[in-house]
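> One structure, as structure tokens, below. Some questions next.
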Amino acid sequence: MWILFAVGSALFAGLTSILAKCGIRNTDSNVATALRTIVVLIFSWMMVLIVGSQNTIGDLNVRTLVFLCLSGIATGASWLCYFRALQIGDINKVTPIDKSSVVLTMLLAFILLGEEISLLKFISMILIGGGTLLMIQKKENTLHQQKNGKESHVWLFYALGSAVFASLTAILGKIGIENVESNLGTAIRTGVVLVMAWIVVFISKKQNTIKDIDKKSWIFLILSGFATGGSWICYYRALQMGPASVVVPIDKLSILVTVTFSYFVFHEKLSQKAAMGLLFIVAGTLLLVF
């Protein structure tokens, strides 16, 4: 059953990237993240009320709350980095780097959670890591950058930051939801992300830009929030039931959804090298599943 939840997480996560890319074209990425998180929070607590897990809040111990909060902080940092990278980089280049968190997560699961690294998992790590490297491409200069003789690699650093924080999110989240109903754990973490996201918005003094967001961007931001909520609920349910070293790679198969939609929506094409990298990533993930 946990495999189905992991696959559901991948599908929703893939949609999230596309919808968010559409929503942040003309919107500050930090503001967009903060607004999307409101939608995710509402969606998460709706699920808590539906399953009736709100009555178990009083049973949470300090250790669980600490790890849920730390996981939320890591998630917020990952989101802020990821959507900033999406805003200034091509989705086909940003997404593979973000998905490289798989390898780091598997290593951390071995070190911190005691999950076994078998020969099959090791081969999978090599395939996923190698595939990620093949998919990382140099972003072409924009006309503005060409005129100024500058080339921006900032998107790469944001994408790498997203990957590192995503790995920490998975490990901290796995520990934090061990004795918690997964929907309740997701809702609590989302509250932490919301606070963190709005703090960043006010620090950067971007709150005044909300009034400039057009109707189309609002629609995509709200839809991406629902997609994120669906992905999180499936993801943390899968994490609660299955090993993090396998759940995370399956979740990262969202790259297939992202690449497919980016081709039709943004007309972003994969090079032969990048396509080979994608094949390696998929092969490595399927090895873990079967």
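Numbering starts fresh at 1 for the residues of each chain in the structure tokens, the chains themselves are lettered A, B, ... in the order given, and ligands are numbered from 1 as they appear.
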Tell me which protein, DNA and RNA residues are within 12 Å of Leu253 (chain A), counting only C-alpha atoms, leaving out same-chain ones fewer than 5 positions away, and put them as number ranges by chain.

A: 6-15, 95-96, 98-100, 102, 128, 246-248, 258-260, 278-286, 288-289

> Show which residues sit within 10 Å of Trp45 (chain A), as a PyMOL selection string. Count only C-alpha atoms, and ignore same-chain residues fewer than 4 positions away.

chain A and resi 40-41+49-51+53-54+183-184+186-188+190-191

> Using only C-alpha atoms, determine which residues lie at most 7 Å from Gly129 (chain A), disregarding the query and same-chain residues fewer than 4 positions distant; provide the list as an mmCIF file with all heavy atoms, in the first residue's frame.


data_model
loop_
_atom_site.group_PDB
_atom_site.id
_atom_site.type_symbol
_atom_site.label_atom_id
_atom_site.label_comp_id
_atom_site.auth_asym_id
_atom_site.auth_seq_id
_atom_site.Cartn_x
_atom_site.Cartn_y
_atom_site.Cartn_z
ATOM 1 N N SER A 100 18.247 15.216 -7.018
ATOM 2 C CA SER A 100 19.482 14.574 -6.570
ATOM 3 C C SER A 100 19.492 14.367 -5.064
ATOM 4 O O SER A 100 20.357 13.670 -4.523
ATOM 5 C CB SER A 100 20.697 15.413 -6.989
ATOM 6 O OG SER A 100 20.724 16.652 -6.296
ATOM 7 N N VAL A 103 19.914 10.631 -3.492
ATOM 8 C CA VAL A 103 21.151 9.968 -3.083
ATOM 9 C C VAL A 103 21.528 10.363 -1.663
ATOM 10 O O VAL A 103 21.883 9.505 -0.838
ATOM 11 C CB VAL A 103 22.295 10.311 -4.064
ATOM 12 C CG1 VAL A 103 23.602 9.695 -3.584
ATOM 13 C CG2 VAL A 103 21.962 9.820 -5.465
ATOM 14 N N MET A 125 21.753 3.981 -6.427
ATOM 15 C CA MET A 125 22.324 5.284 -6.095
ATOM 16 C C MET A 125 23.258 5.765 -7.197
ATOM 17 O O MET A 125 23.245 6.945 -7.569
ATOM 18 C CB MET A 125 23.076 5.200 -4.770
ATOM 19 C CG MET A 125 22.183 5.041 -3.551
ATOM 20 S SD MET A 125 23.114 4.691 -2.042
ATOM 21 C CE MET A 125 24.084 6.190 -1.879
ATOM 22 N N LEU A 133 23.614 13.970 -12.923
ATOM 23 C CA LEU A 133 24.739 14.717 -13.499
ATOM 24 C C LEU A 133 24.558 14.910 -15.006
ATOM 25 O O LEU A 133 24.879 15.971 -15.551
ATOM 26 C CB LEU A 133 26.053 13.986 -13.214
ATOM 27 C CG LEU A 133 26.527 13.994 -11.757
ATOM 28 C CD1 LEU A 133 27.776 13.140 -11.603
ATOM 29 C CD2 LEU A 133 26.806 15.420 -11.289
#

> Looking at only C-alpha atoms, which of A:Ser124, A:Ser162, A:Thr64, A:Thr56 is the one that sits closest to Gly76 (chain A)?

A:Ser162

> Which parts of region 34-79 of chain A does DSSP call alpha helix (DSSP H) when run on the backbone here, written out as number ranges by chain?

A: 34-51, 62-79

> With only C-alpha atoms as the atoms that count, which of A:Val265, A:His153, A:Met47, A:Met1 lies nearest to Trp232 (chain A)?

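Comparing A:Val265, A:His153, A:Met47, A:Met1 against Trp232 (chain A), the winner is A:Met47.
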
> If I take CA of Leu120 (chain A) and CA of Ser182 (chain A), how far is one from the other in Å, to one decimal?

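Interatomic distance, CA of Leu120 (chain A) to CA of Ser182 (chain A): 28.9 Å.
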
> Go ahead and compute the interatomic distance for CA of Thr27 (chain A) and CA of Thr132 (chain A), in Å to one decimal.

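Spanning CA of Thr27 (chain A) to CA of Thr132 (chain A) is a straight-line distance of 28.5 Å.
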
> If we count only C-alpha atoms, what is near region 167-180 of chain A at a cut-off of 10 Å, once residues fewer than 2 positions away on the same chain are taken out, given as JSON, numbers by chain?

{"A": [53, 56, 57, 59, 60, 61, 63, 64, 65, 66, 67, 68, 69, 70, 71, 72, 73, 74, 75, 76, 77, 78, 98, 99, 100, 101, 102, 103, 104, 105, 106, 107, 108, 109, 112, 113, 162, 163, 164, 165, 182, 183, 184, 185, 186, 189, 235, 236, 237, 238, 239, 240, 241, 242, 243, 244, 245, 247, 248]}

> Neighbours of Lys273 (chain A) within 7 Å (only C-alpha atoms; same-chain residues fewer than 2 positions away dropped), as a PyMOL selection string?

chain A and resi 134-135+271+275-277

> Please identify all polymer residues within 10 Å of Trp218 (chain A), counting only C-alpha atoms, omitting same-chain residues fewer than 5 positions from it, and present them as a ChimeraX atom specification.

/A:22-24,27,32,35-36,210,213,223-224

> Could you please determine the separation between CA of Asp212 (chain A) and CA of Arg25 (chain A) in Å, to one decimal place?

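Atom-to-atom, CA of Asp212 (chain A) to CA of Arg25 (chain A), that is 12.5 Å.
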
> Would you please work out which residue, of A:Ile97, A:Ile18, A:Leu4, A:Ile136, is nearest to Phe264 (chain A) when using only C-alpha atoms?

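When distances to Phe264 (chain A) are compared using only C-alpha atoms, the smallest one comes from A:Ile18.
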
> Counting only C-alpha atoms, figure out which residue out of A:Cys234, A:Ala274, A:Val201, A:Ile219 gets nearest to Ser44 (chain A).

A:Cys234
